[in-house]
Amino acid sequence: MEAAFARFVSEHPRYQGTAAIDTLRRRDFARLDREGQVYLDYTGSGLYAASQVELHAATLLARILGNPHSASRASLESTRLVEHCRERVLTFFRADPAEYVVVFTANASHALKLVGESYPFESGDVFLLTFDNHNSVNGIREFDRLRGARTVYVPMAPPELRVDESLLDGQLALARPGGHNLFAYPAQSNFSGVQHPLDWIERAQARGFDVLLDAAAFVPTNRLDLSEVRPDFVALSFYKLFGYPTGVGALIARRSALARLHRPWFAGGTIEVASVQADRFVRAAGAAAFEDGTVDFANIPAVELGLDLLDSVGMAVIHERVQLLTAWVLKRLGGLRHSSGQPLVSLYGPATAERRGGTLAFNLKDAAGAIVDHRRVEKAANEGGISLRTGCFCNPGAGELALGLSRDDLQKCFTESPVRLTWEDLRQCVDPKAAGAVRASLGLVSNFADAYAFASFVESFLDRPAVQPA
Ligand SMILES: Cc1ncc(COP(=O)(O)O)c(C=O)c1O
C-alpha cells in the first residue's frame, strides 16, 4: 500500500493540498481506524465528527430549550437557535435571504413530498423527471396523476447513464403554456454518481418549468451555490452531509415558488389563526406554513455545527479529495481482468471522474461472464470490515437502464407475480439478469487507505467462479 500511495501522490500532487482531511480524520473520526473499519457508504449517510456530538451535547446541557411556539424565555431560546440555523443554512448555500427561505423538514423525502403534495398541477400540466431519480422524487407522479397532469420521463443512455441533451430540449418543449409544470432531477445520481448539468435549471425555467433539484447526493461533496444557479426548490438531508443530526432536512425554496404551492391541509404551527366555529383559517407566512407541528428544535442547532465543520475544511478541499480518489479507484477497477482477459468489474456509469461524484455502482462478473450475486459481495465486504451498499438504492429508473431491464421484462414481473410483489420475487423474475448492484461511495473523510482496501477487496474476486461450489 505504501508504494501505491507514493505513486498516487507523485501522479496527483494536488492530493497533498487535501491534508486537512487527514488531520480532521485523526482528531474527529479516530473511531474508524480504531475499529479497523472502511466506510464506503457516504451516499447512504455521512459520518459525524466526535466534536459535533460533543459541542451539541454541551449546547443541550447548558440551555433550557422549550417548545418554540411561545413567548416564554425557554421558548424564545429555542426560536433563536432555530432561526439562527435557518440563516446559517442560507449562508452556507450562498442563497440570498430576500430570494430564498429554508423550510426545516424531517429529511429530503419529506421536502420532496411537501413540493409534490402542494404543487398546483392541473389537467394538461407536465411533471417532467429524469429516469435517474430517487423513489422519493418518483413518488411525486402519484400526486400529478391525481390532478390530471402528465408524467413524462427523460430517458438516459447506458453505459454513462447520462441524458441525451437533444432529447431533453424536445421534452422541455412539452410544458403547458401558462400552466404549472415541474421538472425534477438529481444534481448527482445516488446510483451512478453522474452529475447532471446545473445549467438545465435556467433552461427549464425559460421553457415554463419550475425546477425541483434533488441535491441530497450532491451537496455532501460539492458546493451548491444558489447565487449562481437558482432552482425553485432544493431538497436535502443534513445527515448525508455530516452524519448528525439525523431527522433534519431542508426544503430551500424561492419565496416566489413557495407562494405558488397550495398545502392540502393545515396543522399546528402552519397557521396564523384557525377557528372551529367560523370554519376558517389563515395560513402562516413563509417557511412556517410548511413546518407541520413542532420543528426538531433540540437537533436543529446541531446542523450549524455540521456546516461549521464542512467550512473548517472547505467544500473545495472535500470535493478535490473525493475526485482524486474516485479517479484512482475507477482506473484500478477498470484494469482488473481475469486470467482469461475478461473484465471483473461491470461498472454502471461514467468510467472517468469527469462530471461525476464519488458514488460507484457495479456488479462483479466471473471469467464466464456470470454475475456474482451482490449479496455475496456484501457478505464478503462485511467480513473484511468494509461497509458497502447493495440493491437498487431506491433508484429503480437508473437501475433498470443500467441492468438492461426492459419495460416488458418489468411489466411481466408485476403482472405475472403474486399480488404483493416482493424484492425477492422481482429478483427471481428477472433472472438471469441482475436485479441489483453493489455501490461504494466516498465522502468527507475518505483516504487513500480506504480506496486501496476497497480495490484490493474487489481484486480478491479475480478468477473465482460467480457461483461457489456447495
Ligand atoms: C438523491 C437522493 N434523493 C433523495 C434521497 C432521500 O433521502 P432521505 O432518505 O434522507 O429522505 C436520497 C437518499 O439516499 C438520495 O440519495
# chains A, B, ... in the order shown; residues from 1 in each chain; ligands from 1

call {"tool": "closest_atom_pairs", "arguments": {"of": "range 278-304 of chain A", "to": "range 308-322 of chain A", "cutoff": "12 Å", "atoms": "only C-alpha atoms", "output": "CSV"}}
result
residue,atom,partner,partner_atom,distance
A:Pro301,CA,A:Asp308,CA,11.4
A:Ala302,CA,A:Asp308,CA,9.9
A:Val303,CA,A:Asp308,CA,8.6
A:Glu304,CA,A:Asp308,CA,6.1

call {"tool": "select_by_dssp", "arguments": {"residues": "range 178-359 of chain A", "states": "helix (DSSP H, G or I)", "output": "PyMOL selection string"}}
result
chain A and resi 200-206+238-242+255-260+286-290+300-313+315-334

call {"tool": "closest_atom_pairs", "arguments": {"of": "chain A", "to": "ligand 1", "cutoff": "7 Å", "atoms": "only C-alpha atoms and all ligand atoms", "output": "CSV"}}
result
residue,atom,partner,partner_atom_place_in_ligand_line,distance
A:Thr43,CA,ligand 1,16 (O),6.1
A:Gly44,CA,ligand 1,14 (O),5.3
A:Asn107,CA,ligand 1,11 (O),4.4
A:Ala108,CA,ligand 1,11 (O),3.9
A:Ser109,CA,ligand 1,11 (O),3.6
A:His110,CA,ligand 1,11 (O),6.3
A:Asn133,CA,ligand 1,1 (C),6.7
A:His134,CA,ligand 1,3 (N),4.9
A:Ser136,CA,ligand 1,4 (C),5.9
A:Pro186,CA,ligand 1,1 (C),5.8
A:Gln188,CA,ligand 1,1 (C),6.6
A:Ser189,CA,ligand 1,1 (C),5.8
A:Asn190,CA,ligand 1,16 (O),4.5
A:Asp214,CA,ligand 1,3 (N),5.7
A:Ala215,CA,ligand 1,1 (C),6.4
A:Ala216,CA,ligand 1,2 (C),4.7
A:Ala217,CA,ligand 1,1 (C),4.6
A:Leu236,CA,ligand 1,7 (O),6.9
A:Ser237,CA,ligand 1,10 (O),4.9

call {"tool": "closest_residue", "arguments": {"among": "A:Ile21, A:Leu198, A:Val430, A:Val329", "to": "Ala451 in chain A", "atoms": "only C-alpha atoms"}}
result
A:Val329

call {"tool": "closest_residue", "arguments": {"among": "A:Val438, A:Val419, A:Leu347, A:Val163", "to": "Ala381 in chain A", "atoms": "only C-alpha atoms"}}
result
A:Val438

call {"tool": "select_by_dssp", "arguments": {"residues": "range 62-166 of chain A", "states": "strand (DSSP E)", "output": "PDB file with all heavy atoms, in the first residue's frame"}}
result
ATOM      1  N   TYR A 100     -34.600  33.409  -1.125  1.00  0.00           N
ATOM      2  CA  TYR A 100     -34.832  32.024  -0.684  1.00  0.00           C
ATOM      3  C   TYR A 100     -35.239  31.930   0.785  1.00  0.00           C
ATOM      4  O   TYR A 100     -34.811  32.748   1.599  1.00  0.00           O
ATOM      5  CB  TYR A 100     -33.551  31.199  -0.853  1.00  0.00           C
ATOM      6  CG  TYR A 100     -33.318  30.728  -2.274  1.00  0.00           C
ATOM      7  CD1 TYR A 100     -32.466  31.414  -3.126  1.00  0.00           C
ATOM      8  CD2 TYR A 100     -33.950  29.581  -2.752  1.00  0.00           C
ATOM      9  CE1 TYR A 100     -32.245  30.980  -4.435  1.00  0.00           C
ATOM     10  CE2 TYR A 100     -33.739  29.138  -4.049  1.00  0.00           C
ATOM     11  CZ  TYR A 100     -32.891  29.832  -4.885  1.00  0.00           C
ATOM     12  OH  TYR A 100     -32.694  29.392  -6.163  1.00  0.00           O
ATOM     13  N   VAL A 101     -36.004  30.876   1.099  1.00  0.00           N
ATOM     14  CA  VAL A 101     -36.287  30.547   2.505  1.00  0.00           C
ATOM     15  C   VAL A 101     -35.926  29.096   2.744  1.00  0.00           C
ATOM     16  O   VAL A 101     -35.930  28.276   1.824  1.00  0.00           O
ATOM     17  CB  VAL A 101     -37.772  30.723   2.906  1.00  0.00           C
ATOM     18  CG1 VAL A 101     -38.146  32.165   3.001  1.00  0.00           C
ATOM     19  CG2 VAL A 101     -38.692  29.983   1.973  1.00  0.00           C
ATOM     20  N   VAL A 102     -35.652  28.791   4.007  1.00  0.00           N
ATOM     21  CA  VAL A 102     -35.360  27.413   4.410  1.00  0.00           C
ATOM     22  C   VAL A 102     -36.548  26.888   5.210  1.00  0.00           C
ATOM     23  O   VAL A 102     -36.936  27.491   6.213  1.00  0.00           O
ATOM     24  CB  VAL A 102     -34.099  27.358   5.301  1.00  0.00           C
ATOM     25  CG1 VAL A 102     -33.912  25.969   5.900  1.00  0.00           C
ATOM     26  CG2 VAL A 102     -32.870  27.773   4.506  1.00  0.00           C
ATOM     27  N   VAL A 103     -37.099  25.770   4.733  1.00  0.00           N
ATOM     28  CA  VAL A 103     -38.141  25.080   5.488  1.00  0.00           C
ATOM     29  C   VAL A 103     -37.464  23.859   6.107  1.00  0.00           C
ATOM     30  O   VAL A 103     -36.883  23.054   5.386  1.00  0.00           O
ATOM     31  CB  VAL A 103     -39.272  24.592   4.536  1.00  0.00           C
ATOM     32  CG1 VAL A 103     -40.302  23.771   5.298  1.00  0.00           C
ATOM     33  CG2 VAL A 103     -39.917  25.762   3.817  1.00  0.00           C
ATOM     34  N   PHE A 104     -37.489  23.731   7.423  1.00  0.00           N
ATOM     35  CA  PHE A 104     -36.903  22.537   8.029  1.00  0.00           C
ATOM     36  C   PHE A 104     -37.881  21.372   7.882  1.00  0.00           C
ATOM     37  O   PHE A 104     -39.091  21.517   8.109  1.00  0.00           O
ATOM     38  CB  PHE A 104     -36.560  22.776   9.499  1.00  0.00           C
ATOM     39  CG  PHE A 104     -35.310  23.607   9.675  1.00  0.00           C
ATOM     40  CD1 PHE A 104     -35.362  24.846  10.296  1.00  0.00           C
ATOM     41  CD2 PHE A 104     -34.081  23.159   9.186  1.00  0.00           C
ATOM     42  CE1 PHE A 104     -34.220  25.622  10.436  1.00  0.00           C
ATOM     43  CE2 PHE A 104     -32.928  23.925   9.318  1.00  0.00           C
ATOM     44  CZ  PHE A 104     -32.999  25.160   9.944  1.00  0.00           C
ATOM     45  N   THR A 105     -37.327  20.250   7.478  1.00  0.00           N
ATOM     46  CA  THR A 105     -38.138  19.050   7.250  1.00  0.00           C
ATOM     47  C   THR A 105     -37.488  17.889   8.008  1.00  0.00           C
ATOM     48  O   THR A 105     -36.434  18.064   8.627  1.00  0.00           O
ATOM     49  CB  THR A 105     -38.170  18.694   5.748  1.00  0.00           C
ATOM     50  OG1 THR A 105     -36.829  18.421   5.317  1.00  0.00           O
ATOM     51  CG2 THR A 105     -38.738  19.825   4.902  1.00  0.00           C
ATOM     52  N   VAL A 126     -47.434  19.320 -16.965  1.00  0.00           N
ATOM     53  CA  VAL A 126     -46.436  18.247 -17.128  1.00  0.00           C
ATOM     54  C   VAL A 126     -45.542  18.153 -15.899  1.00  0.00           C
ATOM     55  O   VAL A 126     -45.037  19.174 -15.409  1.00  0.00           O
ATOM     56  CB  VAL A 126     -45.568  18.530 -18.383  1.00  0.00           C
ATOM     57  CG1 VAL A 126     -44.413  17.541 -18.473  1.00  0.00           C
ATOM     58  CG2 VAL A 126     -46.422  18.447 -19.644  1.00  0.00           C
ATOM     59  N   PHE A 127     -45.389  16.929 -15.412  1.00  0.00           N
ATOM     60  CA  PHE A 127     -44.352  16.650 -14.419  1.00  0.00           C
ATOM     61  C   PHE A 127     -43.261  15.893 -15.163  1.00  0.00           C
ATOM     62  O   PHE A 127     -43.436  14.739 -15.552  1.00  0.00           O
ATOM     63  CB  PHE A 127     -44.919  15.819 -13.258  1.00  0.00           C
ATOM     64  CG  PHE A 127     -43.854  15.380 -12.275  1.00  0.00           C
ATOM     65  CD1 PHE A 127     -42.875  16.273 -11.837  1.00  0.00           C
ATOM     66  CD2 PHE A 127     -43.832  14.085 -11.771  1.00  0.00           C
ATOM     67  CE1 PHE A 127     -41.887  15.876 -10.929  1.00  0.00           C
ATOM     68  CE2 PHE A 127     -42.849  13.685 -10.866  1.00  0.00           C
ATOM     69  CZ  PHE A 127     -41.885  14.575 -10.448  1.00  0.00           C
ATOM     70  N   LEU A 128     -42.153  16.589 -15.405  1.00  0.00           N
ATOM     71  CA  LEU A 128     -41.044  16.016 -16.164  1.00  0.00           C
ATOM     72  C   LEU A 128     -39.953  15.615 -15.185  1.00  0.00           C
ATOM     73  O   LEU A 128     -39.605  16.395 -14.286  1.00  0.00           O
ATOM     74  CB  LEU A 128     -40.516  17.094 -17.127  1.00  0.00           C
ATOM     75  CG  LEU A 128     -39.406  16.699 -18.087  1.00  0.00           C
ATOM     76  CD1 LEU A 128     -39.912  15.697 -19.122  1.00  0.00           C
ATOM     77  CD2 LEU A 128     -38.858  17.942 -18.823  1.00  0.00           C
ATOM     78  N   LEU A 129     -39.447  14.392 -15.338  1.00  0.00           N
ATOM     79  CA  LEU A 129     -38.386  13.946 -14.423  1.00  0.00           C
ATOM     80  C   LEU A 129     -37.467  12.968 -15.140  1.00  0.00           C
ATOM     81  O   LEU A 129     -37.879  12.311 -16.100  1.00  0.00           O
ATOM     82  CB  LEU A 129     -38.966  13.325 -13.148  1.00  0.00           C
ATOM     83  CG  LEU A 129     -39.675  11.981 -13.176  1.00  0.00           C
ATOM     84  CD1 LEU A 129     -39.905  11.512 -11.741  1.00  0.00           C
ATOM     85  CD2 LEU A 129     -41.005  12.037 -13.897  1.00  0.00           C
ATOM     86  N   THR A 130     -36.238  12.922 -14.690  1.00  0.00           N
ATOM     87  CA  THR A 130     -35.281  12.007 -15.312  1.00  0.00           C
ATOM     88  C   THR A 130     -35.534  10.569 -14.842  1.00  0.00           C
ATOM     89  O   THR A 130     -36.013  10.353 -13.719  1.00  0.00           O
ATOM     90  CB  THR A 130     -33.840  12.413 -14.930  1.00  0.00           C
ATOM     91  OG1 THR A 130     -33.806  12.717 -13.531  1.00  0.00           O
ATOM     92  CG2 THR A 130     -33.378  13.622 -15.705  1.00  0.00           C
ATOM     93  N   ARG A 150     -49.581  15.200 -16.660  1.00  0.00           N
ATOM     94  CA  ARG A 150     -48.884  14.088 -17.334  1.00  0.00           C
ATOM     95  C   ARG A 150     -47.529  13.875 -16.699  1.00  0.00           C
ATOM     96  O   ARG A 150     -46.800  14.840 -16.463  1.00  0.00           O
ATOM     97  CB  ARG A 150     -48.624  14.436 -18.798  1.00  0.00           C
ATOM     98  CG  ARG A 150     -49.830  14.469 -19.674  1.00  0.00           C
ATOM     99  CD  ARG A 150     -49.491  15.184 -20.965  1.00  0.00           C
ATOM    100  NE  ARG A 150     -48.465  14.467 -21.724  1.00  0.00           N
ATOM    101  CZ  ARG A 150     -47.763  15.020 -22.711  1.00  0.00           C
ATOM    102  NH1 ARG A 150     -47.953  16.274 -23.031  1.00  0.00           N
ATOM    103  NH2 ARG A 150     -46.880  14.311 -23.366  1.00  0.00           N
ATOM    104  N   THR A 151     -47.155  12.609 -16.502  1.00  0.00           N
ATOM    105  CA  THR A 151     -45.804  12.301 -16.036  1.00  0.00           C
ATOM    106  C   THR A 151     -44.977  11.964 -17.272  1.00  0.00           C
ATOM    107  O   THR A 151     -45.357  11.088 -18.052  1.00  0.00           O
ATOM    108  CB  THR A 151     -45.812  11.055 -15.118  1.00  0.00           C
ATOM    109  OG1 THR A 151     -46.773  11.237 -14.095  1.00  0.00           O
ATOM    110  CG2 THR A 151     -44.449  10.808 -14.511  1.00  0.00           C
ATOM    111  N   VAL A 152     -43.873  12.650 -17.457  1.00  0.00           N
ATOM    112  CA  VAL A 152     -43.013  12.365 -18.616  1.00  0.00           C
ATOM    113  C   VAL A 152     -41.601  12.116 -18.106  1.00  0.00           C
ATOM    114  O   VAL A 152     -41.035  12.952 -17.388  1.00  0.00           O
ATOM    115  CB  VAL A 152     -43.005  13.550 -19.614  1.00  0.00           C
ATOM    116  CG1 VAL A 152     -42.108  13.234 -20.799  1.00  0.00           C
ATOM    117  CG2 VAL A 152     -44.412  13.886 -20.075  1.00  0.00           C
ATOM    118  N   TYR A 153     -41.059  10.945 -18.468  1.00  0.00           N
ATOM    119  CA  TYR A 153     -39.698  10.612 -18.032  1.00  0.00           C
ATOM    120  C   TYR A 153     -38.679  10.966 -19.116  1.00  0.00           C
ATOM    121  O   TYR A 153     -38.894  10.684 -20.299  1.00  0.00           O
ATOM    122  CB  TYR A 153     -39.582   9.117 -17.722  1.00  0.00           C
ATOM    123  CG  TYR A 153     -39.964   8.779 -16.294  1.00  0.00           C
ATOM    124  CD1 TYR A 153     -41.210   8.255 -15.989  1.00  0.00           C
ATOM    125  CD2 TYR A 153     -39.052   8.981 -15.262  1.00  0.00           C
ATOM    126  CE1 TYR A 153     -41.559   7.944 -14.669  1.00  0.00           C
ATOM    127  CE2 TYR A 153     -39.387   8.680 -13.945  1.00  0.00           C
ATOM    128  CZ  TYR A 153     -40.635   8.164 -13.653  1.00  0.00           C
ATOM    129  OH  TYR A 153     -40.961   7.863 -12.350  1.00  0.00           O
ATOM    130  N   VAL A 154     -37.570  11.557 -18.700  1.00  0.00           N
ATOM    131  CA  VAL A 154     -36.461  11.852 -19.616  1.00  0.00           C
ATOM    132  C   VAL A 154     -35.535  10.631 -19.617  1.00  0.00           C
ATOM    133  O   VAL A 154     -35.011  10.262 -18.566  1.00  0.00           O
ATOM    134  CB  VAL A 154     -35.647  13.080 -19.125  1.00  0.00           C
ATOM    135  CG1 VAL A 154     -34.553  13.437 -20.120  1.00  0.00           C
ATOM    136  CG2 VAL A 154     -36.556  14.258 -18.836  1.00  0.00           C
ATOM    137  N   MET A 156     -32.252   8.042 -20.376  1.00  0.00           N
ATOM    138  CA  MET A 156     -30.797   8.166 -20.311  1.00  0.00           C
ATOM    139  C   MET A 156     -30.215   6.991 -21.072  1.00  0.00           C
ATOM    140  O   MET A 156     -30.886   5.992 -21.294  1.00  0.00           O
ATOM    141  CB  MET A 156     -30.309   8.065 -18.880  1.00  0.00           C
ATOM    142  CG  MET A 156     -30.960   9.047 -17.945  1.00  0.00           C
ATOM    143  SD  MET A 156     -30.432   8.764 -16.269  1.00  0.00           S
ATOM    144  CE  MET A 156     -30.536   7.034 -16.083  1.00  0.00           C
ATOM    145  N   ALA A 157     -28.959   7.148 -21.428  1.00  0.00           N
ATOM    146  CA  ALA A 157     -28.350   6.070 -22.209  1.00  0.00           C
ATOM    147  C   ALA A 157     -27.192   5.422 -21.465  1.00  0.00           C
ATOM    148  O   ALA A 157     -26.299   6.133 -20.987  1.00  0.00           O
ATOM    149  CB  ALA A 157     -27.866   6.638 -23.541  1.00  0.00           C
ATOM    150  N   ARG A 162     -26.128   9.029 -18.812  1.00  0.00           N
ATOM    151  CA  ARG A 162     -26.395  10.466 -18.877  1.00  0.00           C
ATOM    152  C   ARG A 162     -27.595  10.697 -19.800  1.00  0.00           C
ATOM    153  O   ARG A 162     -27.964   9.825 -20.581  1.00  0.00           O
ATOM    154  CB  ARG A 162     -25.189  11.213 -19.442  1.00  0.00           C
ATOM    155  CG  ARG A 162     -23.979  11.199 -18.536  1.00  0.00           C
ATOM    156  CD  ARG A 162     -22.927  12.175 -19.015  1.00  0.00           C
ATOM    157  NE  ARG A 162     -21.640  11.886 -18.423  1.00  0.00           N
ATOM    158  CZ  ARG A 162     -21.234  12.342 -17.233  1.00  0.00           C
ATOM    159  NH1 ARG A 162     -22.033  13.096 -16.520  1.00  0.00           N
ATOM    160  NH2 ARG A 162     -20.045  12.027 -16.766  1.00  0.00           N
ATOM    161  N   VAL A 163     -28.115  11.910 -19.703  1.00  0.00           N
ATOM    162  CA  VAL A 163     -29.267  12.276 -20.536  1.00  0.00           C
ATOM    163  C   VAL A 163     -28.773  12.803 -21.878  1.00  0.00           C
ATOM    164  O   VAL A 163     -27.791  13.543 -21.931  1.00  0.00           O
ATOM    165  CB  VAL A 163     -30.094  13.355 -19.803  1.00  0.00           C
ATOM    166  CG1 VAL A 163     -31.090  14.030 -20.721  1.00  0.00           C
ATOM    167  CG2 VAL A 163     -30.790  12.747 -18.602  1.00  0.00           C
TER     168      VAL A 163
END

call {"tool": "closest_residue", "arguments": {"among": "A:Asp296, A:Glu354, A:Asp279, A:Glu291", "to": "Glu160 in chain A", "atoms": "only C-alpha atoms"}}
result
A:Glu354

call {"tool": "decode", "arguments": {"residues": "range 290-306 of chain A", "atoms": "N, CA, C and O atoms", "output": "PDB file, in the first residue's frame"}}
result
ATOM      1  N   PHE A 290     -45.124  25.573   6.111  1.00  0.00           N
ATOM      2  CA  PHE A 290     -44.732  24.236   5.641  1.00  0.00           C
ATOM      3  C   PHE A 290     -44.134  23.372   6.754  1.00  0.00           C
ATOM      4  O   PHE A 290     -43.736  22.246   6.511  1.00  0.00           O
ATOM      5  N   GLU A 291     -44.046  23.937   7.944  1.00  0.00           N
ATOM      6  CA  GLU A 291     -43.451  23.177   9.057  1.00  0.00           C
ATOM      7  C   GLU A 291     -44.571  22.711   9.977  1.00  0.00           C
ATOM      8  O   GLU A 291     -45.010  23.430  10.876  1.00  0.00           O
ATOM      9  N   ASP A 292     -45.035  21.492   9.738  1.00  0.00           N
ATOM     10  CA  ASP A 292     -46.173  20.960  10.486  1.00  0.00           C
ATOM     11  C   ASP A 292     -45.768  20.666  11.931  1.00  0.00           C
ATOM     12  O   ASP A 292     -44.794  19.952  12.174  1.00  0.00           O
ATOM     13  N   GLY A 293     -46.552  21.184  12.857  1.00  0.00           N
ATOM     14  CA  GLY A 293     -46.275  20.893  14.261  1.00  0.00           C
ATOM     15  C   GLY A 293     -44.986  21.548  14.718  1.00  0.00           C
ATOM     16  O   GLY A 293     -44.608  22.615  14.248  1.00  0.00           O
ATOM     17  N   THR A 294     -44.295  20.849  15.601  1.00  0.00           N
ATOM     18  CA  THR A 294     -43.089  21.415  16.216  1.00  0.00           C
ATOM     19  C   THR A 294     -41.853  20.968  15.464  1.00  0.00           C
ATOM     20  O   THR A 294     -41.676  19.762  15.238  1.00  0.00           O
ATOM     21  N   VAL A 295     -41.009  21.909  15.086  1.00  0.00           N
ATOM     22  CA  VAL A 295     -39.772  21.513  14.401  1.00  0.00           C
ATOM     23  C   VAL A 295     -38.847  20.829  15.408  1.00  0.00           C
ATOM     24  O   VAL A 295     -39.031  20.940  16.624  1.00  0.00           O
ATOM     25  N   ASP A 296     -37.835  20.156  14.906  1.00  0.00           N
ATOM     26  CA  ASP A 296     -36.928  19.389  15.769  1.00  0.00           C
ATOM     27  C   ASP A 296     -35.938  20.344  16.449  1.00  0.00           C
ATOM     28  O   ASP A 296     -34.755  20.399  16.130  1.00  0.00           O
ATOM     29  N   PHE A 297     -36.490  21.117  17.415  1.00  0.00           N
ATOM     30  CA  PHE A 297     -35.726  22.263  17.935  1.00  0.00           C
ATOM     31  C   PHE A 297     -34.498  21.874  18.745  1.00  0.00           C
ATOM     32  O   PHE A 297     -33.569  22.665  18.868  1.00  0.00           O
ATOM     33  N   ALA A 298     -34.472  20.667  19.276  1.00  0.00           N
ATOM     34  CA  ALA A 298     -33.270  20.274  20.030  1.00  0.00           C
ATOM     35  C   ALA A 298     -32.144  19.859  19.084  1.00  0.00           C
ATOM     36  O   ALA A 298     -30.962  20.012  19.404  1.00  0.00           O
ATOM     37  N   ASN A 299     -32.500  19.344  17.924  1.00  0.00           N
ATOM     38  CA  ASN A 299     -31.472  18.866  16.984  1.00  0.00           C
ATOM     39  C   ASN A 299     -31.057  19.900  15.948  1.00  0.00           C
ATOM     40  O   ASN A 299     -29.932  19.852  15.454  1.00  0.00           O
ATOM     41  N   ILE A 300     -31.958  20.804  15.601  1.00  0.00           N
ATOM     42  CA  ILE A 300     -31.632  21.772  14.540  1.00  0.00           C
ATOM     43  C   ILE A 300     -30.334  22.550  14.843  1.00  0.00           C
ATOM     44  O   ILE A 300     -29.514  22.754  13.937  1.00  0.00           O
ATOM     45  N   PRO A 301     -30.083  22.943  16.105  1.00  0.00           N
ATOM     46  CA  PRO A 301     -28.821  23.652  16.359  1.00  0.00           C
ATOM     47  C   PRO A 301     -27.578  22.843  15.979  1.00  0.00           C
ATOM     48  O   PRO A 301     -26.527  23.412  15.678  1.00  0.00           O
ATOM     49  N   ALA A 302     -27.701  21.522  15.960  1.00  0.00           N
ATOM     50  CA  ALA A 302     -26.550  20.682  15.589  1.00  0.00           C
ATOM     51  C   ALA A 302     -26.237  20.790  14.099  1.00  0.00           C
ATOM     52  O   ALA A 302     -25.118  20.482  13.667  1.00  0.00           O
ATOM     53  N   VAL A 303     -27.214  21.224  13.297  1.00  0.00           N
ATOM     54  CA  VAL A 303     -26.976  21.389  11.856  1.00  0.00           C
ATOM     55  C   VAL A 303     -25.898  22.452  11.634  1.00  0.00           C
ATOM     56  O   VAL A 303     -24.985  22.295  10.822  1.00  0.00           O
ATOM     57  N   GLU A 304     -25.986  23.514  12.413  1.00  0.00           N
ATOM     58  CA  GLU A 304     -24.980  24.587  12.293  1.00  0.00           C
ATOM     59  C   GLU A 304     -23.583  24.066  12.566  1.00  0.00           C
ATOM     60  O   GLU A 304     -22.621  24.468  11.914  1.00  0.00           O
ATOM     61  N   LEU A 305     -23.486  23.173  13.562  1.00  0.00           N
ATOM     62  CA  LEU A 305     -22.160  22.638  13.923  1.00  0.00           C
ATOM     63  C   LEU A 305     -21.602  21.810  12.773  1.00  0.00           C
ATOM     64  O   LEU A 305     -20.408  21.841  12.486  1.00  0.00           O
ATOM     65  N   GLY A 306     -22.484  21.088  12.089  1.00  0.00           N
ATOM     66  CA  GLY A 306     -22.047  20.306  10.931  1.00  0.00           C
ATOM     67  C   GLY A 306     -21.587  21.207   9.795  1.00  0.00           C
ATOM     68  O   GLY A 306     -20.565  20.947   9.153  1.00  0.00           O
TER      69      GLY A 306
END
